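One file, structure_5.tsv, is given below (TSV, C-alpha atoms).
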chain	number	residue	atom	x	y	z
A	1	MET	CA	12.58	159.93	-1.63
A	2	LYS	CA	12.53	160.14	2.16
A	3	ALA	CA	13.09	163.91	1.99
A	4	ALA	CA	10.19	164.26	-0.47
A	5	VAL	CA	7.87	162.36	1.88
A	6	ARG	CA	8.91	164.52	4.82
A	7	THR	CA	8.41	167.67	2.74
A	8	LEU	CA	4.91	166.47	1.83
A	9	LEU	CA	4.10	165.71	5.47
A	10	ALA	CA	5.40	169.11	6.59
A	11	GLY	CA	3.25	170.75	3.93
A	12	LEU	CA	0.16	168.84	5.03
A	13	VAL	CA	0.72	169.82	8.66
A	14	SER	CA	1.16	173.47	7.66
A	15	LEU	CA	-2.00	173.31	5.54
A	16	LEU	CA	-3.93	171.80	8.45
A	17	MET	CA	-2.74	174.53	10.81
A	18	ALA	CA	-3.63	177.27	8.31
A	19	SER	CA	-6.98	175.77	7.31
A	20	PRO	CA	-9.13	177.92	9.68
A	21	TRP	CA	-7.66	181.08	8.12
A	22	LEU	CA	-7.98	179.74	4.57
A	23	ILE	CA	-11.60	178.69	5.17
A	24	TRP	CA	-12.43	182.11	6.62
A	25	CYS	CA	-10.89	183.86	3.61
A	26	TRP	CA	-12.83	181.59	1.27
A	27	THR	CA	-16.15	182.35	2.96
A	28	ARG	CA	-15.38	186.08	3.30
A	29	PHE	CA	-13.69	186.83	-0.02
A	30	GLY	CA	-14.57	183.87	-2.24
A	31	SER	CA	-10.92	182.88	-2.39
A	32	PRO	CA	-8.41	181.20	-0.03
A	33	VAL	CA	-6.26	184.31	-0.46
A	34	GLN	CA	-7.42	187.42	1.37
A	35	SER	CA	-7.86	190.45	-0.88
A	36	SER	CA	-4.78	192.03	0.67
A	37	GLY	CA	-2.81	189.09	-0.73
A	38	THR	CA	-3.18	190.44	-4.25
A	39	ALA	CA	-4.64	193.96	-4.11
A	40	LEU	CA	-1.39	195.72	-3.27
A	41	SER	CA	0.46	193.75	-5.93
A	42	TYR	CA	-1.59	195.19	-8.79
A	43	PHE	CA	-0.04	198.63	-8.60
A	44	ARG	CA	3.45	197.21	-8.00
A	45	TRP	CA	3.17	195.02	-11.09
A	46	HIS	CA	1.99	198.05	-13.04
A	47	THR	CA	5.18	199.91	-12.17
A	48	MET	CA	7.53	196.97	-12.84
A	49	VAL	CA	9.38	196.06	-16.02
A	50	SER	CA	8.59	192.83	-17.86
A	51	PRO	CA	9.41	189.56	-16.02
A	52	LEU	CA	11.02	188.42	-19.27
A	53	SER	CA	13.76	191.02	-18.86
A	54	ALA	CA	16.95	190.62	-16.83
A	55	LYS	CA	16.23	193.96	-15.13
A	56	PHE	CA	13.13	192.49	-13.44
A	57	TRP	CA	15.10	189.68	-11.78
A	58	PHE	CA	18.06	191.89	-10.91
A	59	TYR	CA	15.86	194.57	-9.37
A	60	ASN	CA	13.70	192.18	-7.36
A	61	ALA	CA	16.71	190.23	-6.11
A	62	GLY	CA	18.04	193.56	-4.89
A	63	ARG	CA	14.74	194.21	-3.14
A	64	LEU	CA	15.06	190.85	-1.37
A	65	PHE	CA	18.42	191.73	0.15
A	66	HIS	CA	17.17	195.24	0.81
A	67	LYS	CA	14.38	193.82	2.99
A	68	LEU	CA	16.81	191.51	4.76
A	69	ALA	CA	19.06	194.48	5.43
A	70	VAL	CA	16.09	196.27	7.00
A	71	VAL	CA	15.66	193.33	9.35
A	72	PHE	CA	19.26	192.51	10.22
A	73	VAL	CA	21.77	195.28	9.55
A	74	SER	CA	20.45	198.75	8.89
A	75	PRO	CA	18.71	199.27	12.27
A	76	LEU	CA	22.06	198.71	14.02
A	77	VAL	CA	23.81	201.53	12.16
A	78	HIS	CA	21.13	203.87	10.84
A	79	ARG	CA	17.51	204.83	11.60
A	80	THR	CA	15.93	205.31	8.21
A	81	GLY	CA	12.80	207.44	7.90
A	82	ASP	CA	11.21	205.40	5.10
A	83	PHE	CA	11.12	201.89	3.68
A	84	GLU	CA	12.62	202.64	0.28
A	85	THR	CA	16.01	204.04	1.31
A	86	ILE	CA	18.67	202.43	3.46
A	87	VAL	CA	21.83	204.37	4.20
A	88	PRO	CA	24.57	203.27	4.05
A	89	LEU	CA	24.13	201.08	0.99
A	90	TRP	CA	26.77	198.62	2.16
A	91	CYS	CA	24.08	197.08	4.42
A	92	ASP	CA	22.54	195.44	1.34
A	93	PHE	CA	25.89	194.09	0.16
A	94	LEU	CA	26.73	192.80	3.63
A	95	VAL	CA	23.47	190.82	3.75
A	96	PHE	CA	24.19	189.42	0.29
A	97	ALA	CA	27.68	188.33	1.40
A	98	ALA	CA	26.23	186.72	4.54
A	99	ALA	CA	23.58	184.85	2.54
A	100	ALA	CA	26.20	183.66	0.04
A	101	ALA	CA	28.45	182.50	2.89
A	102	ALA	CA	25.55	180.65	4.52
A	103	ALA	CA	24.71	178.89	1.26
A	104	TRP	CA	28.36	177.94	0.76
A	105	LEU	CA	28.71	176.58	4.31
A	106	SER	CA	25.48	174.63	3.97
A	107	PHE	CA	26.62	173.05	0.72
A	108	ARG	CA	30.09	172.27	2.05
A	109	ASN	CA	28.77	170.63	5.23
A	110	ARG	CA	25.62	169.12	3.74
A	111	ARG	CA	26.60	165.56	4.74
A	112	ARG	CA	27.25	166.45	8.36
A	113	TRP	CA	24.75	169.16	9.17
A	114	ALA	CA	21.18	168.55	10.33
A	115	PHE	CA	19.68	170.92	7.81
A	116	PRO	CA	16.86	168.90	6.21
A	117	VAL	CA	15.58	169.90	2.82
A	118	PHE	CA	11.93	169.65	3.92
A	119	VAL	CA	12.65	172.52	6.34
A	120	TRP	CA	14.74	174.95	4.30
A	121	LEU	CA	13.23	174.38	0.84
A	122	PRO	CA	9.69	175.62	1.70
A	123	ALA	CA	11.24	178.64	3.41
A	124	VAL	CA	13.34	179.47	0.34
A	125	LEU	CA	10.32	179.00	-1.94
A	126	LEU	CA	8.27	181.34	0.26
A	127	LEU	CA	11.02	183.97	0.03
A	128	ALA	CA	11.07	183.60	-3.75
A	129	PHE	CA	7.26	183.89	-3.92
A	130	TYR	CA	7.11	187.14	-1.98
A	131	THR	CA	10.08	188.58	-3.86
A	132	PHE	CA	9.26	187.70	-7.47
A	133	VAL	CA	5.50	186.93	-7.50
A	134	ARG	CA	3.74	188.84	-4.74
A	135	ILE	CA	6.04	191.86	-5.37
A	136	ALA	CA	4.39	194.02	-2.69
A	137	SER	CA	6.39	192.38	0.09
A	138	ALA	CA	6.84	193.68	3.62
A	139	VAL	CA	9.36	193.08	6.36
A	140	TRP	CA	7.41	190.26	7.99
A	141	HIS	CA	7.48	188.30	4.73
A	142	MET	CA	11.18	187.80	5.46
A	143	SER	CA	10.37	186.03	8.73
A	144	VAL	CA	11.36	182.64	7.31
A	145	PHE	CA	14.92	183.87	6.81
A	146	PRO	CA	15.64	184.29	10.56
A	147	PHE	CA	14.35	180.73	10.96
A	148	ILE	CA	16.89	179.46	8.43
A	149	LEU	CA	19.55	181.57	10.13
A	150	LEU	CA	18.70	180.00	13.49
A	151	LEU	CA	19.12	176.51	12.02
A	152	LEU	CA	22.45	177.56	10.57
A	153	LEU	CA	23.69	178.91	13.92
A	154	LEU	CA	22.58	175.74	15.72
A	155	ASN	CA	24.58	173.69	13.24
A	156	LEU	CA	27.64	175.87	13.74
A	157	VAL	CA	27.66	175.26	17.51
A	158	ARG	CA	26.43	171.65	17.55
A	159	ASP	CA	29.98	170.21	17.92
A	160	ARG	CA	30.67	172.42	20.90
A	161	ARG	CA	27.64	171.06	22.72
A	162	PRO	CA	26.72	174.22	24.61
A	163	GLY	CA	24.76	173.74	27.79
A	164	THR	CA	21.14	174.59	28.32
A	165	ALA	CA	22.00	177.83	30.07
A	166	GLY	CA	24.30	178.91	27.25
A	167	MET	CA	21.77	178.13	24.53
A	168	SER	CA	19.03	179.86	26.49
A	169	ALA	CA	21.19	182.97	26.78
A	170	VAL	CA	21.92	182.92	23.05
A	171	LEU	CA	18.23	182.55	22.17
A	172	LEU	CA	17.20	185.34	24.54
A	173	ALA	CA	19.88	187.61	23.08
A	174	ALA	CA	18.66	186.76	19.56
A	175	LEU	CA	15.09	187.57	20.60
A	176	ALA	CA	16.12	190.91	22.10
A	177	LEU	CA	18.11	191.75	18.98
A	178	ASN	CA	15.15	190.83	16.79
A	179	LEU	CA	12.82	193.11	18.78
A	180	TYR	CA	15.32	195.95	18.50
A	181	THR	CA	15.91	195.58	14.77
A	182	LEU	CA	12.19	195.26	14.03
A	183	GLY	CA	11.53	198.36	16.10
A	184	ASN	CA	14.10	200.41	14.24
A	185	GLY	CA	13.75	198.76	10.83
A	186	PHE	CA	9.98	198.48	10.60
A	187	TYR	CA	8.06	200.41	13.24
A	188	TYR	CA	10.29	203.49	13.36
A	189	PRO	CA	9.79	204.37	9.65
A	190	GLN	CA	6.04	204.17	10.25
A	191	GLN	CA	6.24	206.51	13.21
A	192	SER	CA	8.75	208.97	11.73
A	193	ASP	CA	5.91	210.83	9.97
A	194	ASP	CA	3.75	210.68	13.12
A	195	LEU	CA	1.01	208.69	11.43
A	196	MET	CA	-0.74	208.19	14.76
A	197	GLY	CA	-0.82	211.92	15.49
A	198	SER	CA	-2.10	212.66	11.99
A	199	ALA	CA	-4.88	210.11	12.41
A	200	LEU	CA	-5.90	211.58	15.76
A	201	GLU	CA	-6.08	215.08	14.26
A	202	LEU	CA	-7.83	214.23	11.00
A	203	GLY	CA	-11.39	215.52	10.97
A	204	THR	CA	-11.29	216.95	14.51
A	205	GLY	CA	-12.56	220.29	13.20
A	206	SER	CA	-15.88	218.73	12.21
A	207	GLU	CA	-18.52	217.83	14.75
A	208	ASP	CA	-20.46	215.89	12.13
A	209	PRO	CA	-19.47	212.33	11.19
A	210	LEU	CA	-17.23	212.20	8.14
A	211	VAL	CA	-16.51	209.48	5.60
A	212	ILE	CA	-12.76	209.20	5.05
A	213	GLY	CA	-11.54	207.26	2.04
A	214	ALA	CA	-7.85	206.43	2.12
A	215	THR	CA	-5.27	203.92	0.98
A	216	ASP	CA	-3.09	202.30	3.63
A	217	ALA	CA	-5.73	203.25	6.17
A	218	GLY	CA	-4.64	201.10	9.09
A	219	TYR	CA	-3.63	203.95	11.38
A	220	LEU	CA	-6.69	205.98	10.39
A	221	SER	CA	-9.01	203.09	11.17
A	222	TYR	CA	-7.50	202.57	14.61
A	223	PHE	CA	-6.83	206.12	15.79
A	224	SER	CA	-9.12	208.57	13.96
A	225	PRO	CA	-12.05	209.97	16.00
A	226	PRO	CA	-14.63	207.17	16.39
A	227	ARG	CA	-17.49	209.29	15.01
A	228	HIS	CA	-15.86	209.17	11.55
A	229	SER	CA	-16.03	206.23	9.13
A	230	VAL	CA	-12.80	205.12	7.41
A	231	VAL	CA	-12.95	203.16	4.14
A	232	ASN	CA	-9.77	201.45	2.97
A	233	LEU	CA	-9.35	202.09	-0.75
A	234	ASP	CA	-6.39	199.84	-1.56
A	235	GLY	CA	-8.40	196.61	-1.38
A	236	VAL	CA	-7.00	195.36	1.91
A	237	VAL	CA	-9.84	193.68	3.86
A	238	ASN	CA	-12.28	195.50	1.60
A	239	GLN	CA	-13.48	193.14	-1.08
A	240	ARG	CA	-15.61	195.74	-2.89
A	241	ALA	CA	-12.64	198.09	-3.24
A	242	PHE	CA	-10.49	195.17	-4.35
A	243	GLU	CA	-12.98	194.19	-7.06
A	244	ALA	CA	-13.07	197.81	-8.27
A	245	ILE	CA	-9.25	197.89	-8.36
A	246	ARG	CA	-9.13	194.61	-10.24
A	247	ASN	CA	-11.71	195.90	-12.73
A	248	GLY	CA	-10.01	199.30	-13.04
A	249	THR	CA	-13.08	201.24	-11.88
A	250	LEU	CA	-12.13	202.47	-8.41
A	251	ASP	CA	-13.35	206.00	-9.21
A	252	ARG	CA	-16.91	204.69	-9.49
A	253	TYR	CA	-16.62	203.00	-6.10
A	254	ILE	CA	-15.29	206.22	-4.57
A	255	GLU	CA	-18.22	208.14	-6.02
A	256	GLU	CA	-20.55	205.57	-4.50
A	257	ILE	CA	-19.21	205.91	-0.94
A	258	GLY	CA	-18.96	209.72	-1.30
A	259	PRO	CA	-15.95	210.46	0.96
A	260	ASP	CA	-15.72	213.85	2.64
A	261	ILE	CA	-11.93	213.40	2.81
A	262	LEU	CA	-10.03	211.54	0.09
A	263	LEU	CA	-6.44	210.40	0.69
A	264	ILE	CA	-4.89	208.58	-2.28
A	265	SER	CA	-1.96	209.24	-4.57
A	266	PRO	CA	-2.88	210.46	-8.07
A	267	GLU	CA	-0.72	207.68	-9.57
A	268	LYS	CA	-2.67	204.96	-7.79
A	269	LEU	CA	-6.05	206.54	-8.49
A	270	GLU	CA	-5.25	206.81	-12.19
A	271	PHE	CA	-4.17	203.17	-12.43
A	272	TYR	CA	-7.02	201.85	-10.28
A	273	SER	CA	-9.49	203.73	-12.53
A	274	ARG	CA	-7.81	202.76	-15.82
A	275	ASN	CA	-10.93	201.20	-17.34
A	276	SER	CA	-13.36	204.02	-16.55
A	277	ALA	CA	-14.19	205.75	-19.81
A	278	ASP	CA	-15.27	209.01	-18.13
A	279	PHE	CA	-12.33	209.23	-15.69
A	280	ASP	CA	-10.73	212.70	-15.71
A	281	MET	CA	-7.64	213.06	-13.53
A	282	GLU	CA	-7.76	216.86	-13.56
A	283	GLN	CA	-11.17	216.87	-11.89
A	284	TRP	CA	-9.99	214.47	-9.17
A	285	LEU	CA	-6.87	216.44	-8.20
A	286	ASP	CA	-8.99	219.06	-6.45
A	287	ARG	CA	-10.72	216.40	-4.36
A	288	ILE	CA	-7.57	214.67	-3.09
A	289	ASP	CA	-6.36	215.99	0.24

As structure tokens, what does this structure read like?
Amino acid sequence: MKAAVRTLLAGLVSLLMASPWLIWCWTRFGSPVQSSGTALSYFRWHTMVSPLSAKFWFYNAGRLFHKLAVVFVSPLVHRTGDFETIVPLWCDFLVFAAAAAAAWLSFRNRRRWAFPVFVWLPAVLLLAFYTFVRIASAVWHMSVFPFILLLLLLNLVRDRRPGTAGMSAVLLAALALNLYTLGNGFYYPQQSDDLMGSALELGTGSEDPLVIGATDAGYLSYFSPPRHSVVNLDGVVNQRAFEAIRNGTLDRYIEEIGPDILLISPEKLEFYSRNSADFDMEQWLDRID
């Protein structure tokens, strides 16, 4: 009962801290969840098998450990050029073994360790949400796992009573390692295709302002020539695009903004325009750059 009360209090404190963001999202998007919280999940759900099948749970559990391997293991042994492939594959299995060992140690020492349920349970639930509900998860969605790992490490060394200097050194080393693994595991795959250089070059041949419609348009928005206008077409921080995606009529929205340059995969465009009766994929292929 005491743990339930503490969990409730921790949740209320978290809700209070997040309330400015939730209120802003509500006033901006008509929902406490920003459009990016669901827009990218639509296409992912479209490509997934049924949640009622064992394959869904097996595949998504694999994706969970795949993301954790991106954060913890793979950057130390391999610099992957994309987010979907990690070589060698044993990184995923190593993370699974480490997570299983951590769970076993926590259960075995549950009476002695200071590992309160109101701390680890919300973190585990958040991991499960991003893995099996949100689907379109990113590396930073795994940020609660390093927090659990830190609690586990503190419990492992609590009997040795390390001094302040020793603990400070360990924490600084963990921070440096985290910066290195994030740089290799998350930022390097983004830069391997020189997205910044491509954004700087896009539309430089035109002196007139251009309208650029693109999915995943973060780099374009930041680094493309300022005379051009960039419209994000995957619904992230663009409520009108999100509503068109949700309604399956993105092609009509694209026609409305009239982009001079269109950057979107045919698979996404076809799904996002699934409810448009006059949608013809063949006519759109010539317009996609």

Residues at most 9 Å from A:Cys91, counting only C-alpha atoms, excluding those fewer than 5 positions away in the same chain, as a ChimeraX atom specification?
/A:65-66,69-70,72-74,77,86,96

Report, in Å with one decimal, the straight-line distance from atom CA of A:Lys67 to atom CA of A:Asp92.
8.5 Å

Near-stretch 128-134 of chain A list (10 Å; all atoms listed in the file; drop same-chain fewer than 4 positions) as a list in words
Gly37, Thr38, Ala39, Leu40, Ser41, Tyr42, Arg44, Trp45, Pro51, Phe56, Trp57, Tyr59, Asn60, Ala61, Gly62, Arg63, Leu64, Phe65, Lys67, Pro122, Ala123, Val124, Ala138, His141 and Met142 of chain A

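Atom to atom, atom CA of A:Ile212 and atom CA of A:Gly258 stand 8.9 Å apart.
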
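Taking atom CA of A:Ser143 as the reference point, atom CA of A:Met196 is found at 25.5 Å.
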
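By chain and then residue number, the residues within 6 Å of stretch 224-237 of chain A are Ser35, Ser36, Ala39, Ala199, Leu200, Pro209, Leu210, Val211, Ile212, Gly213, Ala214, Thr215 and Ala217 of chain A, counting all atoms listed in the file and disregarding those fewer than 6 positions away in sequence.
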
Test item: which residues lie within 10 Å of (-10.6, 217.3, -3.2) counting all atoms listed in the file, as a PDB file with C-alpha atoms, keeping the file's coordinate frame:
ATOM      1  CA  PRO A 259     -15.950 210.460   0.960  1.00  0.00           C
ATOM      2  CA  ASP A 260     -15.720 213.850   2.640  1.00  0.00           C
ATOM      3  CA  ILE A 261     -11.930 213.400   2.810  1.00  0.00           C
ATOM      4  CA  LEU A 262     -10.030 211.540   0.090  1.00  0.00           C
ATOM      5  CA  LEU A 263      -6.440 210.400   0.690  1.00  0.00           C
ATOM      6  CA  GLN A 283     -11.170 216.870 -11.890  1.00  0.00           C
ATOM      7  CA  TRP A 284      -9.990 214.470  -9.170  1.00  0.00           C
ATOM      8  CA  LEU A 285      -6.870 216.440  -8.200  1.00  0.00           C
ATOM      9  CA  ASP A 286      -8.990 219.060  -6.450  1.00  0.00           C
ATOM     10  CA  ARG A 287     -10.720 216.400  -4.360  1.00  0.00           C
ATOM     11  CA  ILE A 288      -7.570 214.670  -3.090  1.00  0.00           C
ATOM     12  CA  ASP A 289      -6.360 215.990   0.240  1.00  0.00           C
TER      13      ASP A 289
END

Smallest atom-to-atom distance to A:Arg112: which of A:Ala98, A:Leu76, A:Arg240, A:Asn155, using all atoms listed in the file?
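Closest to A:Arg112 of all the choices is A:Asn155.
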
Would you list the contacts of stretch 245-252 of chain A as number ranges by chain, taking every protein, DNA or RNA residue within 6 Å and counting all atoms listed in the file, but skipping same-chain residues closer than 5 positions in sequence?
A: 272-276

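With all atoms listed in the file as the basis for measurement, A:Tyr253 is the residue among A:Asp194, A:Tyr253, A:Val144, A:Gly11 that approaches A:Gln239 most closely.
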
Looking at A:Met17, A:Val33, A:Ile254, A:Val71, which one is nearest to A:Gly183, with distances taken over all atoms listed in the file?
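Ranked by minimum distance to A:Gly183, first place goes to A:Val71.
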
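Remark: for A:Tyr222, the closest of the candidate residues A:Leu195, A:Ser31, A:Trp140, A:Leu8 is A:Leu195 (distances computed over all atoms listed in the file).
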